[in-house]
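Enquirer: Here you go, entry.tsv (TSV, N, CA and C atoms):
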```tsv
chain	number	residue	atom	x	y	z
A	1	MET	N	71.95	-1.62	43.03
A	1	MET	CA	71.62	-1.22	41.70
A	1	MET	C	72.43	0.02	41.35
A	2	ASN	N	72.90	0.02	40.19
A	2	ASN	CA	73.64	1.20	39.76
A	2	ASN	C	72.75	2.12	38.97
A	3	VAL	N	73.28	3.21	38.54
A	3	VAL	CA	72.51	4.24	37.85
A	3	VAL	C	71.94	3.70	36.55
A	4	GLY	N	72.65	2.87	35.84
A	4	GLY	CA	72.18	2.32	34.56
A	4	GLY	C	70.97	1.43	34.76
A	5	GLU	N	71.00	0.64	35.84
A	5	GLU	CA	69.87	-0.23	36.11
A	5	GLU	C	68.63	0.57	36.49
A	6	TRP	N	68.87	1.62	37.31
A	6	TRP	CA	67.76	2.49	37.69
A	6	TRP	C	67.17	3.18	36.46
A	7	ALA	N	67.98	3.60	35.58
A	7	ALA	CA	67.51	4.26	34.38
A	7	ALA	C	66.68	3.30	33.53
A	8	GLY	N	67.16	2.06	33.43
A	8	GLY	CA	66.42	1.05	32.67
A	8	GLY	C	65.09	0.74	33.33
A	9	LEU	N	65.06	0.69	34.66
A	9	LEU	CA	63.84	0.41	35.39
A	9	LEU	C	62.83	1.54	35.23
A	10	VAL	N	63.32	2.77	35.33
A	10	VAL	CA	62.44	3.94	35.16
A	10	VAL	C	61.94	3.99	33.73
A	11	GLY	N	62.78	3.68	32.76
A	11	GLY	CA	62.36	3.67	31.34
A	11	GLY	C	61.32	2.61	31.10
A	12	ALA	N	61.51	1.43	31.71
A	12	ALA	CA	60.54	0.35	31.54
A	12	ALA	C	59.21	0.73	32.17
A	13	ALA	N	59.27	1.34	33.35
A	13	ALA	CA	58.03	1.76	34.03
A	13	ALA	C	57.32	2.82	33.21
A	14	GLY	N	58.09	3.72	32.62
A	14	GLY	CA	57.48	4.78	31.81
A	14	GLY	C	56.82	4.20	30.57
A	15	SER	N	57.48	3.22	29.98
A	15	SER	CA	56.89	2.63	28.79
A	15	SER	C	55.63	1.84	29.15
A	16	LEU	N	55.64	1.22	30.30
A	16	LEU	CA	54.45	0.50	30.75
A	16	LEU	C	53.30	1.48	31.01
A	17	LEU	N	53.61	2.59	31.64
A	17	LEU	CA	52.58	3.58	31.90
A	17	LEU	C	52.07	4.19	30.61
A	18	GLY	N	53.00	4.44	29.70
A	18	GLY	CA	52.60	4.97	28.40
A	18	GLY	C	51.74	3.97	27.66
A	19	GLY	N	52.12	2.71	27.71
A	19	GLY	CA	51.32	1.66	27.09
A	19	GLY	C	49.96	1.56	27.76
A	20	GLY	N	49.94	1.72	29.05
A	20	GLY	CA	48.67	1.70	29.77
A	20	GLY	C	47.79	2.84	29.32
A	21	GLY	N	48.42	3.98	29.07
A	21	GLY	CA	47.67	5.12	28.55
A	21	GLY	C	47.05	4.80	27.19
A	22	PHE	N	47.78	4.07	26.39
A	22	PHE	CA	47.27	3.65	25.08
A	22	PHE	C	46.04	2.78	25.24
A	23	PHE	N	46.13	1.80	26.15
A	23	PHE	CA	44.98	0.92	26.37
A	23	PHE	C	43.80	1.68	26.97
A	24	MET	N	44.11	2.65	27.82
A	24	MET	CA	43.03	3.45	28.40
A	24	MET	C	42.36	4.30	27.31
A	25	ALA	N	43.13	4.81	26.38
A	25	ALA	CA	42.57	5.60	25.29
A	25	ALA	C	41.67	4.73	24.41
A	26	ARG	N	42.11	3.50	24.14
A	26	ARG	CA	41.29	2.57	23.35
A	26	ARG	C	39.99	2.27	24.08
A	27	ALA	N	40.07	2.06	25.38
A	27	ALA	CA	38.88	1.76	26.17
A	27	ALA	C	37.94	2.97	26.17
A	28	THR	N	38.49	4.17	26.23
A	28	THR	CA	37.66	5.37	26.22
A	28	THR	C	36.95	5.52	24.88
A	29	VAL	N	37.65	5.25	23.80
A	29	VAL	CA	37.04	5.33	22.47
A	29	VAL	C	35.92	4.30	22.35
A	30	ARG	N	36.18	3.09	22.82
A	30	ARG	CA	35.15	2.04	22.76
A	30	ARG	C	33.96	2.40	23.63
A	31	ALA	N	34.22	2.97	24.77
A	31	ALA	CA	33.12	3.39	25.65
A	31	ALA	C	32.29	4.48	24.97
A	32	ALA	N	32.96	5.40	24.30
A	32	ALA	CA	32.24	6.46	23.59
A	32	ALA	C	31.40	5.87	22.45
A	33	GLN	N	31.96	4.89	21.75
A	33	GLN	CA	31.22	4.24	20.68
A	33	GLN	C	30.00	3.50	21.23
A	34	ALA	N	30.18	2.82	22.35
A	34	ALA	CA	29.07	2.10	22.97
A	34	ALA	C	27.99	3.08	23.43
A	35	THR	N	28.42	4.21	24.00
A	35	THR	CA	27.46	5.22	24.44
A	35	THR	C	26.70	5.79	23.25
A	36	ALA	N	27.40	6.05	22.16
A	36	ALA	CA	26.74	6.57	20.96
A	36	ALA	C	25.74	5.56	20.41
A	37	ALA	N	26.12	4.28	20.41
A	37	ALA	CA	25.20	3.24	19.94
A	37	ALA	C	23.98	3.15	20.84
A	38	ALA	N	24.18	3.26	22.13
A	38	ALA	CA	23.05	3.22	23.07
A	38	ALA	C	22.14	4.43	22.87
A	39	ASN	N	22.74	5.60	22.68
A	39	ASN	CA	21.94	6.80	22.44
A	39	ASN	C	21.15	6.69	21.13
A	40	ARG	N	21.79	6.13	20.11
A	40	ARG	CA	21.13	5.94	18.82
A	40	ARG	C	19.95	4.97	18.98
A	41	ALA	N	20.17	3.87	19.71
A	41	ALA	CA	19.09	2.90	19.93
A	41	ALA	C	17.95	3.53	20.72
A	42	ALA	N	18.27	4.35	21.71
A	42	ALA	CA	17.23	5.02	22.50
A	42	ALA	C	16.44	5.99	21.63
A	43	ALA	N	17.13	6.70	20.75
A	43	ALA	CA	16.44	7.64	19.85
A	43	ALA	C	15.52	6.89	18.90
A	44	GLU	N	16.00	5.76	18.38
A	44	GLU	CA	15.17	4.96	17.49
A	44	GLU	C	13.96	4.41	18.23
A	45	ALA	N	14.16	3.99	19.49
A	45	ALA	CA	13.05	3.46	20.29
A	45	ALA	C	12.02	4.55	20.55
A	46	GLN	N	12.49	5.78	20.77
A	46	GLN	CA	11.56	6.88	21.01
A	46	GLN	C	10.86	7.28	19.71
A	47	ALA	N	11.54	7.13	18.60
A	47	ALA	CA	10.96	7.50	17.31
A	47	ALA	C	10.02	6.42	16.79
A	48	ALA	N	10.12	5.20	17.31
A	48	ALA	CA	9.30	4.09	16.81
A	48	ALA	C	7.81	4.38	16.91
A	49	PRO	N	7.27	4.88	18.02
A	49	PRO	CA	5.83	5.16	18.05
A	49	PRO	C	5.41	6.22	17.03
A	50	ALA	N	6.24	7.22	16.84
A	50	ALA	CA	5.92	8.25	15.84
A	50	ALA	C	5.93	7.64	14.43
A	51	GLN	N	6.90	6.80	14.16
A	51	GLN	CA	6.98	6.14	12.86
A	51	GLN	C	5.78	5.21	12.68
A	52	GLN	N	5.42	4.51	13.74
A	52	GLN	CA	4.27	3.61	13.66
A	52	GLN	C	2.99	4.41	13.42
A	53	ALA	N	2.86	5.55	14.07
A	53	ALA	CA	1.68	6.40	13.85
A	53	ALA	C	1.65	6.90	12.41
A	54	ALA	N	2.81	7.27	11.87
A	54	ALA	CA	2.87	7.72	10.47
A	54	ALA	C	2.49	6.58	9.53
A	55	ASN	N	3.00	5.39	9.81
A	55	ASN	CA	2.66	4.23	8.98
A	55	ASN	C	1.16	3.94	9.05
A	56	LEU	N	0.58	4.07	10.25
A	56	LEU	CA	-0.85	3.84	10.42
A	56	LEU	C	-1.66	4.87	9.63
A	57	ALA	N	-1.22	6.11	9.64
A	57	ALA	CA	-1.93	7.15	8.89
A	57	ALA	C	-1.89	6.85	7.39
A	58	VAL	N	-0.75	6.41	6.90
A	58	VAL	CA	-0.63	6.06	5.48
A	58	VAL	C	-1.55	4.88	5.16
A	59	LEU	N	-1.56	3.89	6.05
A	59	LEU	CA	-2.41	2.71	5.84
A	59	LEU	C	-3.88	3.10	5.83
A	60	GLU	N	-4.29	3.96	6.76
A	60	GLU	CA	-5.69	4.39	6.81
A	60	GLU	C	-6.08	5.15	5.54
A	61	ALA	N	-5.20	6.01	5.07
A	61	ALA	CA	-5.48	6.76	3.84
A	61	ALA	C	-5.59	5.80	2.65
A	62	THR	N	-4.74	4.80	2.63
A	62	THR	CA	-4.78	3.82	1.54
A	62	THR	C	-6.08	3.02	1.57
A	63	VAL	N	-6.48	2.60	2.77
A	63	VAL	CA	-7.73	1.84	2.91
A	63	VAL	C	-8.91	2.69	2.47
A	64	GLN	N	-8.92	3.96	2.84
A	64	GLN	CA	-10.02	4.84	2.45
A	64	GLN	C	-10.07	5.00	0.93
A	65	ARG	N	-8.90	5.18	0.30
A	65	ARG	CA	-8.85	5.33	-1.16
A	65	ARG	C	-9.33	4.05	-1.84
A	66	VAL	N	-8.90	2.89	-1.34
A	66	VAL	CA	-9.30	1.62	-1.94
A	66	VAL	C	-10.81	1.40	-1.76
A	67	ASP	N	-11.36	1.78	-0.60
A	67	ASP	CA	-12.80	1.66	-0.39
A	67	ASP	C	-13.57	2.52	-1.39
A	68	GLU	N	-13.10	3.75	-1.62
A	68	GLU	CA	-13.76	4.62	-2.60
A	68	GLU	C	-13.68	4.03	-4.00
A	69	GLU	N	-12.51	3.51	-4.36
A	69	GLU	CA	-12.36	2.90	-5.69
A	69	GLU	C	-13.25	1.67	-5.82
A	70	ASN	N	-13.31	0.85	-4.76
A	70	ASN	CA	-14.17	-0.34	-4.81
A	70	ASN	C	-15.64	0.05	-4.94
A	71	GLY	N	-16.05	1.11	-4.23
A	71	GLY	CA	-17.43	1.57	-4.36
A	71	GLY	C	-17.75	2.00	-5.78
A	72	ALA	N	-16.82	2.73	-6.38
A	72	ALA	CA	-17.03	3.17	-7.77
A	72	ALA	C	-17.07	1.97	-8.71
A	73	LEU	N	-16.19	1.01	-8.48
A	73	LEU	CA	-16.17	-0.18	-9.34
A	73	LEU	C	-17.44	-1.01	-9.16
A	74	ARG	N	-17.92	-1.12	-7.93
A	74	ARG	CA	-19.17	-1.85	-7.69
A	74	ARG	C	-20.33	-1.19	-8.45
A	75	GLY	N	-20.37	0.14	-8.41
A	75	GLY	CA	-21.41	0.85	-9.14
A	75	GLY	C	-21.34	0.59	-10.63
A	76	ARG	N	-20.12	0.58	-11.16
A	76	ARG	CA	-19.96	0.31	-12.60
A	76	ARG	C	-20.35	-1.11	-12.95
A	77	VAL	N	-20.00	-2.06	-12.08
A	77	VAL	CA	-20.34	-3.46	-12.34
A	77	VAL	C	-21.86	-3.64	-12.28
A	78	LEU	N	-22.51	-3.02	-11.30
A	78	LEU	CA	-23.97	-3.12	-11.21
A	78	LEU	C	-24.63	-2.52	-12.45
A	79	ARG	N	-24.12	-1.39	-12.90
A	79	ARG	CA	-24.65	-0.74	-14.11
A	79	ARG	C	-24.46	-1.66	-15.32
A	80	CYS	N	-23.29	-2.27	-15.41
A	80	CYS	CA	-23.00	-3.17	-16.53
A	80	CYS	C	-23.92	-4.40	-16.49
A	81	GLU	N	-24.14	-4.95	-15.30
A	81	GLU	CA	-25.04	-6.10	-15.17
A	81	GLU	C	-26.46	-5.71	-15.56
A	82	SER	N	-26.91	-4.53	-15.14
A	82	SER	CA	-28.26	-4.07	-15.49
A	82	SER	C	-28.39	-3.90	-17.00
A	83	LEU	N	-27.37	-3.31	-17.61
A	83	LEU	CA	-27.41	-3.15	-19.08
A	83	LEU	C	-27.41	-4.50	-19.79
A	84	LEU	N	-26.63	-5.44	-19.27
A	84	LEU	CA	-26.60	-6.76	-19.88
A	84	LEU	C	-27.97	-7.42	-19.81
A	85	ARG	N	-28.63	-7.34	-18.65
A	85	ARG	CA	-29.98	-7.90	-18.52
A	85	ARG	C	-30.95	-7.20	-19.47
A	86	ALA	N	-30.83	-5.86	-19.56
A	86	ALA	CA	-31.73	-5.11	-20.44
A	86	ALA	C	-31.51	-5.48	-21.91
A	87	PHE	N	-30.24	-5.60	-22.32
A	87	PHE	CA	-29.97	-6.00	-23.71
A	87	PHE	C	-30.49	-7.41	-23.96
A	88	SER	N	-30.29	-8.29	-22.97
A	88	SER	CA	-30.78	-9.66	-23.12
A	88	SER	C	-32.29	-9.68	-23.26
A	89	TRP	N	-32.99	-8.89	-22.45
A	89	TRP	CA	-34.44	-8.82	-22.53
A	89	TRP	C	-34.88	-8.30	-23.90
A	90	THR	N	-34.19	-7.25	-24.38
A	90	THR	CA	-34.53	-6.65	-25.67
A	90	THR	C	-34.31	-7.64	-26.81
A	91	VAL	N	-33.20	-8.33	-26.78
A	91	VAL	CA	-32.90	-9.31	-27.84
A	91	VAL	C	-33.92	-10.44	-27.79
A	92	ASP	N	-34.28	-10.88	-26.59
A	92	ASP	CA	-35.28	-11.94	-26.46
A	92	ASP	C	-36.62	-11.50	-27.05
A	93	GLU	N	-37.05	-10.28	-26.74
A	93	GLU	CA	-38.31	-9.76	-27.29
A	93	GLU	C	-38.23	-9.66	-28.82
A	94	LEU	N	-37.10	-9.16	-29.32
A	94	LEU	CA	-36.95	-9.06	-30.79
A	94	LEU	C	-36.93	-10.45	-31.42
A	95	TYR	N	-36.33	-11.43	-30.78
A	95	TYR	CA	-36.29	-12.81	-31.30
A	95	TYR	C	-37.70	-13.38	-31.36
A	96	ARG	N	-38.49	-13.16	-30.30
A	96	ARG	CA	-39.86	-13.66	-30.29
A	96	ARG	C	-40.69	-12.98	-31.38
A	97	TRP	N	-40.48	-11.67	-31.53
A	97	TRP	CA	-41.20	-10.95	-32.56
A	97	TRP	C	-40.79	-11.43	-33.96
A	98	ALA	N	-39.50	-11.72	-34.14
A	98	ALA	CA	-39.01	-12.16	-35.45
A	98	ALA	C	-39.59	-13.53	-35.81
A	99	ARG	N	-39.88	-14.37	-34.84
A	99	ARG	CA	-40.46	-15.68	-35.12
A	99	ARG	C	-41.93	-15.55	-35.51
A	100	GLU	N	-42.60	-14.57	-34.91
A	100	GLU	CA	-44.00	-14.30	-35.25
A	100	GLU	C	-44.15	-12.79	-35.42
A	101	PRO	N	-43.80	-12.26	-36.56
A	101	PRO	CA	-43.83	-10.80	-36.76
A	101	PRO	C	-45.24	-10.25	-36.91
A	102	VAL	N	-45.90	-10.06	-35.81
A	102	VAL	CA	-47.24	-9.49	-35.82
A	102	VAL	C	-47.12	-8.08	-35.27
A	103	GLY	N	-47.52	-7.12	-36.03
A	103	GLY	CA	-47.49	-5.74	-35.59
A	103	GLY	C	-46.08	-5.16	-35.65
A	104	LEU	N	-45.92	-4.09	-34.90
A	104	LEU	CA	-44.62	-3.40	-34.86
A	104	LEU	C	-43.64	-4.16	-33.97
A	105	PRO	N	-42.34	-4.00	-34.23
A	105	PRO	CA	-41.38	-4.66	-33.36
A	105	PRO	C	-41.45	-4.07	-31.94
A	106	PRO	N	-41.12	-4.86	-30.94
A	106	PRO	CA	-41.21	-4.36	-29.57
A	106	PRO	C	-40.21	-3.23	-29.32
A	107	GLU	N	-40.59	-2.37	-28.42
A	107	GLU	CA	-39.70	-1.27	-28.03
A	107	GLU	C	-38.55	-1.85	-27.20
A	108	PRO	N	-37.38	-1.26	-27.31
A	108	PRO	CA	-36.26	-1.75	-26.48
A	108	PRO	C	-36.51	-1.43	-25.01
A	109	HIS	N	-35.84	-2.15	-24.17
A	109	HIS	CA	-35.89	-1.91	-22.72
A	109	HIS	C	-35.46	-0.45	-22.48
A	110	PRO	N	-36.03	0.22	-21.46
A	110	PRO	CA	-35.67	1.63	-21.22
A	110	PRO	C	-34.17	1.85	-21.00
A	111	LEU	N	-33.49	0.91	-20.35
A	111	LEU	CA	-32.04	1.06	-20.18
A	111	LEU	C	-31.30	0.98	-21.52
A	112	VAL	N	-31.76	0.10	-22.40
A	112	VAL	CA	-31.15	-0.02	-23.73
A	112	VAL	C	-31.40	1.26	-24.51
A	113	ASP	N	-32.61	1.77	-24.42
A	113	ASP	CA	-32.92	3.02	-25.11
A	113	ASP	C	-32.04	4.16	-24.59
A	114	GLU	N	-31.90	4.25	-23.29
A	114	GLU	CA	-31.04	5.28	-22.68
A	114	GLU	C	-29.59	5.11	-23.13
A	115	TYR	N	-29.11	3.86	-23.14
A	115	TYR	CA	-27.74	3.61	-23.58
A	115	TYR	C	-27.55	3.99	-25.04
A	116	ASN	N	-28.52	3.68	-25.86
A	116	ASN	CA	-28.42	4.02	-27.28
A	116	ASN	C	-28.43	5.54	-27.50
A	117	ARG	N	-29.15	6.27	-26.64
A	117	ARG	CA	-29.18	7.72	-26.77
A	117	ARG	C	-27.91	8.37	-26.21
A	118	THR	N	-27.44	7.91	-25.06
A	118	THR	CA	-26.35	8.60	-24.36
A	118	THR	C	-25.00	7.91	-24.50
A	119	GLY	N	-25.00	6.60	-24.71
A	119	GLY	CA	-23.73	5.86	-24.79
A	119	GLY	C	-23.14	5.57	-23.41
A	120	VAL	N	-23.94	5.81	-22.38
A	120	VAL	CA	-23.45	5.57	-21.02
A	120	VAL	C	-24.36	4.58	-20.35
```
Give the structure from this file in structure tokens form.

Expert:
Amino acid sequence: MNVGEWAGLVGAAGSLLGGGGFFMARATVRAAQATAAANRAAAEAQAAPAQQAANLAVLEATVQRVDEENGALRGRVLRCESLLRAFSWTVDELYRWAREPVGLPPEPHPLVDEYNRTGV
């Protein structure tokens, strides 16, 4: 081998080593990306119970608020049903009195009287 061939061989080896360095750099970057993804997944896995606890707290607060609203609505519905029965009773008594008007007209049901006085 002459000097020119040796120079070409050394140049080729250098370019191969340099190219190998390029591939090693790519592998290092990919390894770093994989490590970052694994760390991110581990952090999310560790944060999952805390997030679940926060979601549970929100759900419990919502259920409590809905229970309170339902209780208030049930009270209003019961009051409305009672008033409806009282008005029906009063109208029925007035209808009977109107068919046979003897004496004074009947007094309204106490709930009707209360409603007429207060509006509630």

Enquirer: Contacts of Asp92 of chain A at 12 Å or less, counting only C-alpha atoms, minus same-chain residues fewer than 3 places along, as a PyMOL selection string?

Expert: chain A and resi 85-89+95-99+105-109

Enquirer: To one decimal place in Å, what is the distance between atom CA of Val91 of chain A and atom CA of Leu111 of chain A?

Expert: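 Separation of atom CA of Val91 of chain A and atom CA of Leu111 of chain A: 12.9 Å.
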
Enquirer: Of the candidates A:Leu59, A:Thr90, A:Ala41, A:Ala48, which one gets nearest to Val112 of chain A if we count all atoms listed in the file?

Expert: A:Thr90

Enquirer: May I ask for the distance between atom CA of Ala36 of chain A and atom CA of Ala50 of chain A, given in Å to one decimal place?

Expert: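 Computing the Euclidean distance for atom CA of Ala36 of chain A and atom CA of Ala50 of chain A yields 21.5 Å.
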
Enquirer: What's the separation between atom CA of Gly119 of chain A and atom CA of Leu83 of chain A, in Å to one decimal place?

Expert: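 Separation between atom CA of Gly119 of chain A and atom CA of Leu83 of chain A: 11.3 Å.
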